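Source file: run.csv. Holds: CSV, C-alpha atoms.
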chain,number,residue,atom,x,y,z
P,186,MET,CA,49.7,9.8,-37.9
P,187,LYS,CA,51.6,11.9,-35.4
P,188,GLU,CA,54.6,12.3,-37.8
P,189,ILE,CA,52.3,13.2,-40.6
P,190,LEU,CA,50.7,16.0,-38.6
P,191,LEU,CA,54.1,17.4,-37.6
P,192,GLU,CA,55.3,17.5,-41.1
P,193,PHE,CA,52.1,19.2,-42.2
P,194,TYR,CA,52.3,21.9,-39.6
P,195,LYS,CA,56.0,22.5,-40.3
P,196,GLY,CA,55.2,22.7,-44.0
P,197,VAL,CA,52.7,25.6,-43.4
P,198,GLY,CA,55.2,27.5,-41.3
P,199,ILE,CA,53.9,26.9,-37.8
P,200,ASN,CA,56.5,26.9,-35.0
P,201,ARG,CA,57.3,24.0,-32.7
P,202,ILE,CA,55.1,25.1,-29.7
P,203,MET,CA,52.2,25.9,-31.9
P,204,THR,CA,52.7,22.6,-33.6
P,205,GLU,CA,52.6,20.6,-30.4
P,206,ASN,CA,49.4,22.5,-29.3
P,207,LEU,CA,47.7,21.9,-32.6
P,208,GLU,CA,48.8,18.3,-32.5
P,209,ALA,CA,47.2,17.9,-29.0
P,210,ILE,CA,44.0,19.6,-30.0
P,211,THR,CA,43.7,17.5,-33.2
P,212,PHE,CA,44.5,14.3,-31.4
P,213,SER,CA,42.0,15.2,-28.6
P,214,ALA,CA,39.3,16.0,-31.2
P,215,PHE,CA,40.0,12.6,-32.8
P,216,ILE,CA,39.6,10.8,-29.5
P,217,LEU,CA,36.3,12.6,-28.8
P,218,ILE,CA,35.0,11.6,-32.2
P,219,MET,CA,36.1,8.0,-31.6
P,220,ALA,CA,34.5,8.1,-28.2
P,221,PHE,CA,31.2,9.3,-29.7
P,222,ALA,CA,31.5,6.6,-32.4
P,223,PHE,CA,32.2,4.0,-29.6
P,224,TRP,CA,29.1,5.1,-27.8
P,225,MET,CA,26.9,4.9,-30.8
P,226,VAL,CA,28.2,1.4,-31.7
P,227,SER,CA,28.1,0.2,-28.1
P,228,LYS,CA,24.5,1.4,-27.7
P,229,ARG,CA,23.4,-0.6,-30.7
P,230,ILE,CA,25.4,-3.7,-29.7
P,231,PHE,CA,24.1,-3.7,-26.1
P,232,ARG,CA,20.5,-3.2,-27.3
P,233,LEU,CA,20.8,-6.0,-29.8
P,234,ILE,CA,22.3,-8.4,-27.1
P,235,PHE,CA,19.7,-7.6,-24.5
P,236,SER,CA,16.8,-7.9,-27.1
P,237,LYS,CA,18.0,-11.3,-28.3
P,238,VAL,CA,18.5,-12.6,-24.7
P,239,SER,CA,15.0,-11.3,-23.8
P,240,LYS,CA,13.3,-13.1,-26.6
P,241,LYS,CA,15.0,-16.4,-25.8
P,242,THR,CA,14.3,-16.4,-22.0
P,243,LYS,CA,11.0,-17.0,-20.3
P,244,SER,CA,11.8,-14.7,-17.4
P,245,LYS,CA,10.5,-11.1,-17.5
P,246,PHE,CA,13.5,-9.7,-15.6
P,247,ASP,CA,15.5,-9.0,-18.8
P,248,ASP,CA,12.5,-7.1,-20.1
P,249,TYR,CA,12.6,-4.8,-17.1
P,250,LEU,CA,16.3,-4.3,-17.6
P,251,ILE,CA,15.5,-3.0,-21.1
P,252,LYS,CA,12.6,-1.0,-19.8
P,253,ASN,CA,14.9,0.7,-17.2
P,254,LYS,CA,17.5,1.5,-19.9
P,255,ILE,CA,20.3,-0.7,-18.6
P,256,PRO,CA,21.7,-1.3,-22.2
P,257,GLU,CA,21.9,2.5,-22.8
P,258,THR,CA,23.7,3.0,-19.5
P,259,LEU,CA,26.2,0.3,-20.2
P,260,SER,CA,27.0,1.8,-23.6
P,261,TYR,CA,28.7,4.8,-21.8
P,262,PHE,CA,31.5,2.7,-20.3
P,263,PRO,CA,33.5,1.8,-23.5
P,264,SER,CA,33.6,5.5,-24.5
P,265,LEU,CA,34.4,6.6,-21.0
P,266,PHE,CA,37.2,4.0,-20.8
P,267,LEU,CA,38.6,5.3,-24.1
P,268,LEU,CA,38.5,8.9,-22.9
P,269,MET,CA,40.1,8.2,-19.6
P,270,SER,CA,42.9,6.2,-21.3
P,271,PHE,CA,43.9,8.7,-24.0
P,272,LEU,CA,42.4,12.1,-23.5
P,273,PRO,CA,44.5,13.2,-20.5
P,274,GLN,CA,47.7,12.1,-22.3
P,275,SER,CA,46.8,14.0,-25.5
P,276,LEU,CA,46.4,17.2,-23.5
P,277,GLN,CA,49.7,17.0,-21.6
P,278,SER,CA,50.9,20.3,-23.2
P,279,PHE,CA,47.8,22.0,-21.7
P,280,HIS,CA,48.8,21.6,-18.0
P,281,LEU,CA,45.9,23.7,-16.7
P,282,LEU,CA,43.3,21.5,-18.5
P,283,ASN,CA,44.9,18.1,-17.8
P,284,GLN,CA,43.9,17.6,-14.1
P,285,PRO,CA,40.3,19.1,-14.4
P,286,ILE,CA,39.6,16.8,-17.4
P,287,THR,CA,40.9,13.8,-15.5
P,288,ILE,CA,38.7,14.7,-12.4
P,289,THR,CA,35.7,15.3,-14.6
P,290,LEU,CA,36.1,11.9,-16.3
P,291,GLU,CA,36.5,10.1,-13.0
P,292,ILE,CA,33.4,11.9,-11.5
P,293,SER,CA,31.4,11.0,-14.7
P,294,GLY,CA,32.4,7.4,-14.2
P,295,ALA,CA,31.2,7.5,-10.6
P,296,ILE,CA,27.9,9.1,-11.5
P,297,ILE,CA,27.2,6.7,-14.4
P,298,SER,CA,28.0,3.8,-12.0
P,299,ILE,CA,25.4,5.1,-9.5
P,300,VAL,CA,22.9,5.6,-12.3
P,301,LEU,CA,23.5,2.0,-13.4
P,302,VAL,CA,23.0,0.6,-9.9
P,303,ARG,CA,19.9,2.7,-9.5
P,304,ARG,CA,18.4,1.4,-12.8
P,305,PHE,CA,19.3,-2.1,-12.0
P,306,LEU,CA,17.6,-1.9,-8.6
P,307,ASN,CA,14.5,-0.4,-10.2
P,308,SER,CA,14.5,-3.4,-12.6
P,309,ILE,CA,14.6,-5.8,-9.6
P,310,LYS,CA,11.8,-3.8,-7.9
P,311,ASP,CA,9.6,-3.9,-11.0
P,312,PHE,CA,10.3,-7.7,-11.4
P,313,LEU,CA,9.6,-8.6,-7.8
P,314,LYS,CA,6.3,-6.7,-7.9
P,315,THR,CA,5.1,-9.1,-10.6
P,316,LEU,CA,5.7,-12.1,-8.3
P,317,LYS,CA,2.8,-13.3,-6.1
P,318,ASN,CA,4.9,-13.6,-3.0
P,319,PHE,CA,6.2,-10.0,-3.2
P,320,LYS,CA,3.1,-8.1,-4.4
P,321,ASP,CA,2.1,-7.1,-0.9
P,322,LYS,CA,5.7,-6.4,0.4
P,323,PRO,CA,7.2,-2.9,0.8
P,324,ILE,CA,9.8,-3.4,-1.9
P,325,ASP,CA,10.1,0.3,-2.5
P,326,SER,CA,11.4,0.8,1.1
P,327,TYR,CA,14.2,-1.7,0.7
P,328,ILE,CA,15.3,-0.3,-2.6
P,329,GLN,CA,15.3,3.2,-1.2
P,330,VAL,CA,17.5,2.1,1.7
P,331,ILE,CA,20.0,0.4,-0.6
P,332,MET,CA,20.0,3.6,-2.8
P,333,ILE,CA,20.8,5.7,0.2
P,334,PHE,CA,23.9,3.7,0.9
P,335,VAL,CA,24.8,3.7,-2.8
P,336,TRP,CA,24.5,7.5,-3.0
P,337,PHE,CA,26.4,7.8,0.3
P,338,ILE,CA,29.3,5.8,-1.1
P,339,GLY,CA,29.1,7.6,-4.5
P,340,VAL,CA,29.2,11.1,-2.8
P,341,MET,CA,32.1,10.0,-0.7
P,342,ILE,CA,34.0,8.9,-3.8
P,343,ILE,CA,33.2,12.1,-5.7
P,344,PHE,CA,34.4,14.3,-2.7
P,345,SER,CA,37.5,12.1,-2.6
P,346,ILE,CA,38.2,12.7,-6.3
P,347,LEU,CA,37.6,16.5,-6.0
P,348,SER,CA,39.8,16.9,-2.9
P,349,GLY,CA,42.4,14.3,-3.6
P,350,LYS,CA,42.0,13.0,-0.1
P,351,ASP,CA,41.3,9.5,1.2
P,352,ILE,CA,37.7,8.4,1.9
P,353,GLY,CA,38.6,7.7,5.5
P,354,ALA,CA,39.1,11.4,6.2
P,355,PHE,CA,35.5,12.1,5.1
P,356,LEU,CA,34.2,9.2,7.2
P,357,ALA,CA,36.0,10.6,10.3
P,358,THR,CA,34.4,14.0,9.6
P,359,LEU,CA,31.0,12.4,9.3
P,360,GLY,CA,31.5,10.6,12.6
P,361,ALA,CA,32.0,14.0,14.3
P,362,LEU,CA,28.8,15.3,12.5
P,363,SER,CA,26.7,12.2,13.3
P,364,ALA,CA,24.3,14.1,15.5
P,365,VAL,CA,23.6,16.6,12.8
P,366,ILE,CA,23.2,13.8,10.2
P,367,LEU,CA,20.8,11.9,12.5
P,368,LEU,CA,18.7,15.1,12.9
P,369,ILE,CA,18.6,15.7,9.1
P,370,PHE,CA,17.7,12.1,8.3
P,371,LYS,CA,15.4,11.6,11.3
P,372,ASP,CA,12.3,10.8,9.2
P,373,THR,CA,14.3,8.5,6.9
P,374,ILE,CA,15.7,6.5,9.8
P,375,LEU,CA,12.3,6.3,11.5
P,376,GLY,CA,10.7,5.2,8.2
P,377,PHE,CA,13.4,2.6,7.7
P,378,VAL,CA,12.9,1.1,11.1
P,379,ALA,CA,9.1,1.3,10.7
P,380,SER,CA,9.3,-0.5,7.3
P,381,ILE,CA,11.2,-3.3,8.9
P,382,GLN,CA,8.7,-3.6,11.8
P,383,VAL,CA,5.7,-3.4,9.5
P,384,THR,CA,7.2,-6.2,7.4
P,385,ILE,CA,8.3,-8.5,10.3
P,386,ASN,CA,5.0,-8.1,12.1
P,387,ASP,CA,3.0,-8.2,8.9
P,388,THR,CA,1.1,-5.2,10.1
P,389,VAL,CA,0.3,-3.7,6.6
P,390,ARG,CA,0.6,-5.1,3.1
P,391,ILE,CA,0.1,-3.4,-0.2
P,392,GLY,CA,-3.6,-3.9,-1.1
P,393,ASP,CA,-4.8,-3.9,2.5
P,394,TRP,CA,-7.8,-1.7,3.4
P,395,ILE,CA,-6.9,0.5,6.3
P,396,SER,CA,-8.6,3.3,8.2
P,397,MET,CA,-6.7,6.0,10.0
P,398,GLN,CA,-8.9,8.8,11.3
P,399,SER,CA,-6.1,11.1,12.3
P,400,TYR,CA,-5.1,11.4,8.6
P,401,ASN,CA,-8.7,11.0,7.2
P,402,ALA,CA,-7.4,7.9,5.4
P,403,ASP,CA,-9.9,5.1,4.6
P,404,GLY,CA,-9.0,3.0,1.6
P,405,ASP,CA,-6.5,0.6,0.0
P,406,VAL,CA,-2.8,0.8,0.5
P,407,ILE,CA,-1.2,1.3,-2.9
P,408,GLU,CA,2.4,2.0,-2.0
P,409,ILE,CA,4.7,1.6,1.0
P,410,ASN,CA,8.1,3.3,0.7
P,411,LEU,CA,10.8,4.6,3.1
P,412,SER,CA,9.1,7.9,4.0
P,413,THR,CA,5.3,7.5,3.3
P,414,VAL,CA,2.5,5.0,2.9
P,415,LYS,CA,0.0,6.0,0.2
P,416,VAL,CA,-3.6,5.1,0.7
P,417,GLN,CA,-6.2,5.5,-2.1
P,418,ASN,CA,-9.4,6.5,-0.4
P,419,PHE,CA,-12.8,5.3,-1.7
P,420,ASP,CA,-13.4,8.7,-3.2
P,421,ASN,CA,-10.2,8.1,-5.3
P,422,THR,CA,-8.2,10.8,-3.3
P,423,ILE,CA,-4.7,9.8,-2.2
P,424,THR,CA,-3.6,10.2,1.4
P,425,SER,CA,0.1,10.1,2.3
P,426,ILE,CA,0.9,8.8,5.8
P,427,PRO,CA,4.4,8.9,7.3
P,428,THR,CA,5.6,5.3,7.5
P,429,TYR,CA,6.6,5.5,11.1
P,430,LYS,CA,3.1,6.6,12.1
P,431,LEU,CA,1.9,3.0,11.3
P,432,VAL,CA,4.0,2.0,14.3
P,433,SER,CA,3.5,4.9,16.7
P,434,ASP,CA,-0.3,5.6,16.0
P,435,SER,CA,-3.3,3.4,15.9
P,436,PHE,CA,-5.2,2.4,12.8
P,437,VAL,CA,-7.7,-0.2,11.6
P,438,ASN,CA,-6.6,-2.9,9.1
P,439,TRP,CA,-9.6,-4.7,7.5
P,440,ARG,CA,-7.5,-7.5,6.1
P,441,GLY,CA,-8.9,-10.0,8.7
P,442,MET,CA,-12.4,-9.2,7.4
P,443,SER,CA,-11.3,-9.6,3.8
P,444,GLU,CA,-9.7,-13.0,4.5
P,445,SER,CA,-12.5,-14.2,6.6
P,446,GLY,CA,-15.8,-15.9,5.5
P,447,GLY,CA,-17.8,-12.7,5.7
P,448,ARG,CA,-18.2,-9.0,6.4
P,449,ARG,CA,-19.9,-8.1,9.7
P,450,ILE,CA,-23.2,-6.4,10.1
P,451,LYS,CA,-23.5,-4.9,13.6
P,452,ARG,CA,-26.5,-2.5,13.6
P,453,ALA,CA,-29.4,-2.0,15.9
P,454,LEU,CA,-33.1,-1.1,15.6
P,455,LEU,CA,-34.4,1.2,18.4
P,456,ILE,CA,-37.7,-0.1,19.7
P,457,ARG,CA,-40.0,2.4,21.5
P,458,VAL,CA,-40.4,1.1,25.0
P,459,SER,CA,-44.1,2.1,25.2
P,460,SER,CA,-44.9,-0.3,22.3
P,461,ILE,CA,-43.5,-3.3,24.2
P,462,HIS,CA,-46.2,-5.5,25.8
P,463,PHE,CA,-47.4,-9.1,26.5
P,464,VAL,CA,-49.0,-10.9,23.6
P,465,ASN,CA,-52.7,-11.7,24.2
P,466,GLU,CA,-54.5,-14.7,22.6
P,467,ASP,CA,-56.0,-12.7,19.7
P,468,HIS,CA,-52.7,-11.2,18.7
P,469,LEU,CA,-51.0,-14.6,19.2
P,470,GLN,CA,-53.4,-16.2,16.7
P,471,LYS,CA,-52.5,-13.6,14.1
P,472,LEU,CA,-48.7,-14.1,14.7
P,473,GLU,CA,-49.1,-17.9,14.3
P,474,LYS,CA,-49.9,-17.3,10.7
P,475,ILE,CA,-46.3,-16.1,10.2
P,476,GLN,CA,-44.6,-19.2,8.8
P,477,ARG,CA,-41.1,-18.4,10.0
P,478,ILE,CA,-42.1,-18.4,13.7
P,479,ALA,CA,-45.2,-20.6,13.7
P,480,PRO,CA,-43.3,-23.7,14.9
P,481,TYR,CA,-41.6,-21.7,17.6
P,482,ILE,CA,-44.9,-20.1,18.8
P,483,SER,CA,-46.6,-23.5,18.9
P,484,LYS,CA,-43.8,-25.1,21.0
P,485,ARG,CA,-43.5,-22.1,23.4
P,486,LYS,CA,-47.3,-22.0,23.8
P,487,GLU,CA,-47.4,-25.6,24.9
P,488,GLU,CA,-44.6,-25.1,27.4
P,489,ILE,CA,-46.1,-21.9,28.8
P,490,GLU,CA,-49.6,-23.4,29.2
P,491,SER,CA,-48.2,-26.5,30.9
P,492,GLU,CA,-46.2,-24.4,33.4
P,493,ASN,CA,-49.1,-22.0,34.1
P,494,ILE,CA,-51.5,-24.9,34.7
P,495,ALA,CA,-48.9,-26.6,37.0
P,496,ASN,CA,-48.4,-23.3,38.9
P,497,LYS,CA,-52.2,-22.5,38.9
P,498,ALA,CA,-51.5,-19.1,37.4
P,499,ASP,CA,-54.5,-16.7,37.4
P,500,LYS,CA,-54.7,-15.8,33.7
P,501,SER,CA,-57.5,-13.3,34.2
P,502,LEU,CA,-54.6,-10.9,34.5
P,503,LEU,CA,-52.1,-11.2,31.7
P,504,LEU,CA,-49.2,-10.4,33.9
P,505,ASN,CA,-49.6,-13.6,36.0
P,506,GLY,CA,-47.6,-16.7,35.1
P,507,ARG,CA,-45.4,-16.9,32.0
P,508,ASN,CA,-46.2,-15.0,28.8
P,509,MET,CA,-44.8,-14.2,25.5
P,510,THR,CA,-43.9,-10.6,24.6
P,511,ASN,CA,-44.1,-9.0,21.2
P,512,ILE,CA,-40.4,-7.9,21.3
P,513,GLY,CA,-39.3,-11.4,22.2
P,514,LEU,CA,-41.3,-12.9,19.3
P,515,PHE,CA,-40.0,-10.3,16.9
P,516,ARG,CA,-36.4,-11.1,18.0
P,517,TRP,CA,-37.0,-14.8,17.2
P,518,TYR,CA,-38.6,-13.8,13.9
P,519,ALA,CA,-35.5,-11.7,13.0
P,520,LEU,CA,-33.2,-14.5,13.9
P,521,ALA,CA,-35.2,-17.0,11.8
P,522,TYR,CA,-35.2,-14.6,8.9
P,523,LEU,CA,-31.4,-14.2,9.1
P,524,GLN,CA,-30.7,-17.9,9.5
P,525,ASN,CA,-32.5,-18.6,6.3
P,526,HIS,CA,-31.1,-15.6,4.4
P,527,PRO,CA,-29.0,-16.8,1.4
P,528,GLU,CA,-26.4,-14.0,1.7
P,529,ILE,CA,-25.7,-14.7,5.4
P,530,ASN,CA,-22.8,-17.0,6.3
P,531,PRO,CA,-24.2,-19.6,8.7
P,532,ASP,CA,-20.7,-20.8,9.7
P,533,LEU,CA,-20.1,-17.5,11.5
P,534,THR,CA,-22.0,-15.8,14.3
P,535,VAL,CA,-25.7,-15.2,13.6
P,536,MET,CA,-27.3,-13.4,16.5
P,537,VAL,CA,-30.1,-10.9,17.3
P,538,ARG,CA,-29.7,-9.6,20.8
P,539,GLN,CA,-31.3,-7.0,23.0
P,540,LEU,CA,-29.0,-4.3,24.4
P,541,ALA,CA,-29.4,-2.1,27.5
P,542,PRO,CA,-32.3,0.4,27.2
P,543,THR,CA,-31.4,4.0,26.2
P,544,PRO,CA,-33.3,7.3,26.2
P,545,GLU,CA,-34.1,6.6,22.6
P,546,GLY,CA,-35.5,3.1,23.2
P,547,VAL,CA,-34.5,-0.5,23.5
P,548,PRO,CA,-31.7,-1.4,20.9
P,549,LEU,CA,-32.4,-4.7,19.1
P,550,GLU,CA,-29.0,-5.5,17.5
P,551,VAL,CA,-28.4,-7.6,14.4
P,552,TYR,CA,-25.0,-9.3,14.5
P,553,VAL,CA,-24.2,-11.4,11.4
P,554,PHE,CA,-21.7,-11.8,8.6
P,555,VAL,CA,-22.5,-11.3,5.0
P,556,LYS,CA,-20.8,-13.6,2.5
P,557,ASP,CA,-20.2,-11.0,-0.1
P,558,LYS,CA,-17.4,-8.6,1.2
P,559,VAL,CA,-17.5,-6.2,-1.7
P,560,TRP,CA,-18.6,-2.8,-0.3
P,561,VAL,CA,-21.4,-2.0,-2.8
P,562,ASN,CA,-22.9,-5.5,-2.5
P,563,TYR,CA,-22.5,-5.5,1.3
P,564,GLU,CA,-24.4,-2.2,1.7
P,565,ARG,CA,-27.1,-3.4,-0.6
P,566,ILE,CA,-27.6,-6.7,1.4
P,567,MET,CA,-27.6,-4.8,4.7
P,568,SER,CA,-30.2,-2.3,3.4
P,569,ASP,CA,-32.4,-5.2,2.2
P,570,ILE,CA,-32.2,-6.9,5.6
P,571,PHE,CA,-33.2,-3.8,7.5
P,572,ASP,CA,-35.8,-2.8,5.0
P,573,HIS,CA,-37.5,-6.1,5.7
P,574,LEU,CA,-37.1,-6.0,9.5
P,575,MET,CA,-38.5,-2.4,9.7
P,576,ALA,CA,-41.4,-3.4,7.5
P,577,ALA,CA,-42.1,-6.4,9.8
P,578,ILE,CA,-42.1,-4.5,13.0
P,579,PRO,CA,-45.8,-3.3,12.8
P,580,PHE,CA,-47.0,-6.9,12.6
P,581,PHE,CA,-45.7,-7.4,16.1
P,582,GLU,CA,-47.4,-4.1,17.3
P,583,LEU,CA,-44.0,-2.6,17.9
P,584,GLU,CA,-42.8,0.9,17.0
P,585,CYS,CA,-39.4,2.2,16.1
P,586,PHE,CA,-38.1,5.2,17.9
P,587,GLU,CA,-38.0,8.6,16.1
P,588,TYR,CA,-37.9,12.1,17.3
P,589,ALA,CA,-41.3,13.9,17.2
P,590,THR,CA,-41.5,16.5,14.4
P,591,GLN,CA,-42.8,19.9,15.1
P,592,PRO,CA,-46.2,20.7,13.5
P,593,ASN,CA,-46.2,23.2,10.7
This entry written out as structure tokens:
Amino acid sequence: MKEILLEFYKGVGINRIMTENLEAITFSAFILIMAFAFWMVSKRIFRLIFSKVSKKTKSKFDDYLIKNKIPETLSYFPSLFLLMSFLPQSLQSFHLLNQPITITLEISGAIISIVLVRRFLNSIKDFLKTLKNFKDKPIDSYIQVIMIFVWFIGVMIIFSILSGKDIGAFLATLGALSAVILLIFKDTILGFVASIQVTINDTVRIGDWISMQSYNADGDVIEINLSTVKVQNFDNTITSIPTYKLVSDSFVNWRGMSESGGRRIKRALLIRVSSIHFVNEDHLQKLEKIQRIAPYISKRKEEIESENIANKADKSLLLNGRNMTNIGLFRWYALAYLQNHPEINPDLTVMVRQLAPTPEGVPLEVYVFVKDKVWVNYERIMSDIFDHLMAAIPFFELECFEYATQPN
């Protein structure tokens, strides 16, 4: 073909130098056309190969390779190899263009290689996230760390190609600038160390419900990467927390509650002190009609009467001897009610206790665990429980504390 072109250019009266230049241009154009054709054919071939392999295998990994455009990226290499092998030689007569084209092709090869590695790592990340054992692991952090090293090596290679110097010279320069590099990548380094600590200590997983007041975060962790942890709050807003803050600052992880047998209720009713009194016989007879505490009242009544008779207590005054109180009976009623509640887990703590008196009254605290840990259901059950207890208080001649309202 070369001889044919020479004879053609000579035949039309073009001199030798012009002939060589036109020959180089024509041959270069031919190589470019062939490279484009190679790219088109390679893209179809790689797509066909990957598609057939994907259909025959049960693993979804090859599906993610196709999704992340691995076949398209691989299709650039045959064309690039063709250009690097023949294009510089075809332009030898153009000395000014020869070296820049060679450098451009080598840099293109380095960039395409980096893109290939990045897309391959993204495929691994997407595949691992589908596996049960890796769903709650910070895969993004590890992929980002690997990509930092890949880009670092790639940039060193590109600088080496541009300057024509060995990579070792750049590494020596970077060693001298290490303090500056550490300052620039401080958050990245802290995030990397924090990601390792979070994983090793199993502090936070994807899907955990965490609360962090300093960042107004209260919701589920949806992503953990090298720089940030994303939390989807219950109002569907997204809060981004620096990863290293999970190590340096305090936060609440509700995973223990989620994995346990119930979600805790720890809330108190404030009983007005002036409404607390000993239970007289008339009131006691009314309370004995309450089925949940009738057996308890009967048993306690016998014990108290026996002891008062033995101690010859003067019961003309109610204070003498042993007596039952309305708040004590209400506490036992609340406990019996909770122990028989179908939504309360009896295998965990079920307790109604009296706390230290406050200026607002005597706190009577309910401490139990609800079987249903879903937030909406949990709030409904807790409301139902306290609706019932507040409605039952007047039967014991007790009053809840509330601030007095000013008359109109």
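Between atom CA of P:Tyr327 and atom CA of P:Gly376 there is a distance of 10.8 Å.
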Discussion item. Report, in Å to a single decimal, how far apart atom CA of P:Lys558 and atom CA of P:Arg449 are.
Written reply: 8.9 Å
Discussion item. To one decimal place in Å, what is the distance between atom CA of P:Thr289 and atom CA of P:Lys254?
Written reply: 23.4 Å
Worksheet entry | Neighbour list for P:Phe235 as a count of residues only, cut-off 8 Å, all atoms listed in the file, skip fewer than 3 positions in-chain | 7
Fill in: Nearby residues (only C-alpha atoms) at most 10 Å from stretch 383-385 of chain P, same-chain spacing under 3 positions excluded, as JSON, numbers by chain
{"P": [321, 322, 323, 377, 378, 379, 380, 388, 389, 390, 409, 428, 429, 431, 432]}
Fill in: Close residues, P:Ala577 itself excluded, 10 Å, only C-alpha atoms, min 4 positions apart in chain, as a PyMOL selection string
chain P and resi 515+518-519+571-573+581-583
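Using all atoms listed in the file for every distance, the candidate list P:Ser568, P:Asn493, P:Gln476, P:Ser460 yields P:Ser460 as the residue closest to P:Val547.
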Worksheet entry | Residues near P:Ile423, cut-off 10 Å, all atoms listed in the file, skip fewer than 5 positions along chain, as a PyMOL selection string | chain P and resi 402-407+415-418
Okay, now the selection with C-alpha atoms, as a PDB file, keeping the file's coordinate frame?
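Full text of selection_31.pdb as output:
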ATOM      1  CA  ALA P 402      -7.400   7.900   5.400  1.00  0.00           C
ATOM      2  CA  ASP P 403      -9.900   5.100   4.600  1.00  0.00           C
ATOM      3  CA  GLY P 404      -9.000   3.000   1.600  1.00  0.00           C
ATOM      4  CA  ASP P 405      -6.500   0.600   0.000  1.00  0.00           C
ATOM      5  CA  VAL P 406      -2.800   0.800   0.500  1.00  0.00           C
ATOM      6  CA  ILE P 407      -1.200   1.300  -2.900  1.00  0.00           C
ATOM      7  CA  LYS P 415       0.000   6.000   0.200  1.00  0.00           C
ATOM      8  CA  VAL P 416      -3.600   5.100   0.700  1.00  0.00           C
ATOM      9  CA  GLN P 417      -6.200   5.500  -2.100  1.00  0.00           C
ATOM     10  CA  ASN P 418      -9.400   6.500  -0.400  1.00  0.00           C
TER      11      ASN P 418
END
Worksheet item: Neighbours of P:Arg507 within 8 Å (only C-alpha atoms; same-chain residues fewer than 2 positions away dropped), as JSON, numbers by chain?
Response: {"P": [489, 492, 493, 504, 505, 509]}
Those same residues - C-alpha atoms - I'd like them written as a PDB file, keeping the file's coordinate frame.
ATOM      1  CA  ILE P 489     -46.100 -21.900  28.800  1.00  0.00           C
ATOM      2  CA  GLU P 492     -46.200 -24.400  33.400  1.00  0.00           C
ATOM      3  CA  ASN P 493     -49.100 -22.000  34.100  1.00  0.00           C
ATOM      4  CA  LEU P 504     -49.200 -10.400  33.900  1.00  0.00           C
ATOM      5  CA  ASN P 505     -49.600 -13.600  36.000  1.00  0.00           C
ATOM      6  CA  MET P 509     -44.800 -14.200  25.500  1.00  0.00           C
TER       7      MET P 509
END
Filled-in N, CA and C atoms of stretch 472-483 of chain P, supplied as a compact mmCIF listing (two decimals), keeping the file's coordinate frame:
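Written out: part-v8.txt:
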# COMPACT_ATOMS: atom_id res chain seq x y z
N LEU P 472 -50.17 -13.91 14.89
CA LEU P 472 -48.70 -14.10 14.70
C LEU P 472 -48.44 -15.59 14.30
N GLU P 473 -49.34 -16.53 14.68
CA GLU P 473 -49.10 -17.90 14.30
C GLU P 473 -49.25 -18.14 12.81
N LYS P 474 -49.78 -17.16 12.10
CA LYS P 474 -49.90 -17.30 10.70
C LYS P 474 -48.54 -16.92 9.96
N ILE P 475 -47.60 -16.36 10.73
CA ILE P 475 -46.30 -16.10 10.20
C ILE P 475 -45.48 -17.36 10.13
N GLN P 476 -45.17 -17.82 8.95
CA GLN P 476 -44.60 -19.20 8.80
C GLN P 476 -43.25 -19.33 9.46
N ARG P 477 -42.44 -18.27 9.49
CA ARG P 477 -41.10 -18.40 10.00
C ARG P 477 -41.08 -18.71 11.53
N ILE P 478 -42.07 -18.22 12.26
CA ILE P 478 -42.10 -18.40 13.70
C ILE P 478 -43.25 -19.25 14.19
N ALA P 479 -44.06 -19.75 13.27
CA ALA P 479 -45.20 -20.60 13.70
C ALA P 479 -44.80 -21.78 14.51
N PRO P 480 -43.77 -22.56 14.09
CA PRO P 480 -43.30 -23.70 14.90
C PRO P 480 -42.86 -23.28 16.30
N TYR P 481 -42.12 -22.16 16.34
CA TYR P 481 -41.60 -21.70 17.60
C TYR P 481 -42.77 -21.28 18.55
N ILE P 482 -43.75 -20.55 18.01
CA ILE P 482 -44.90 -20.10 18.80
C ILE P 482 -45.66 -21.32 19.35
N SER P 483 -45.87 -22.30 18.50
CA SER P 483 -46.60 -23.50 18.90
C SER P 483 -45.90 -24.22 20.05
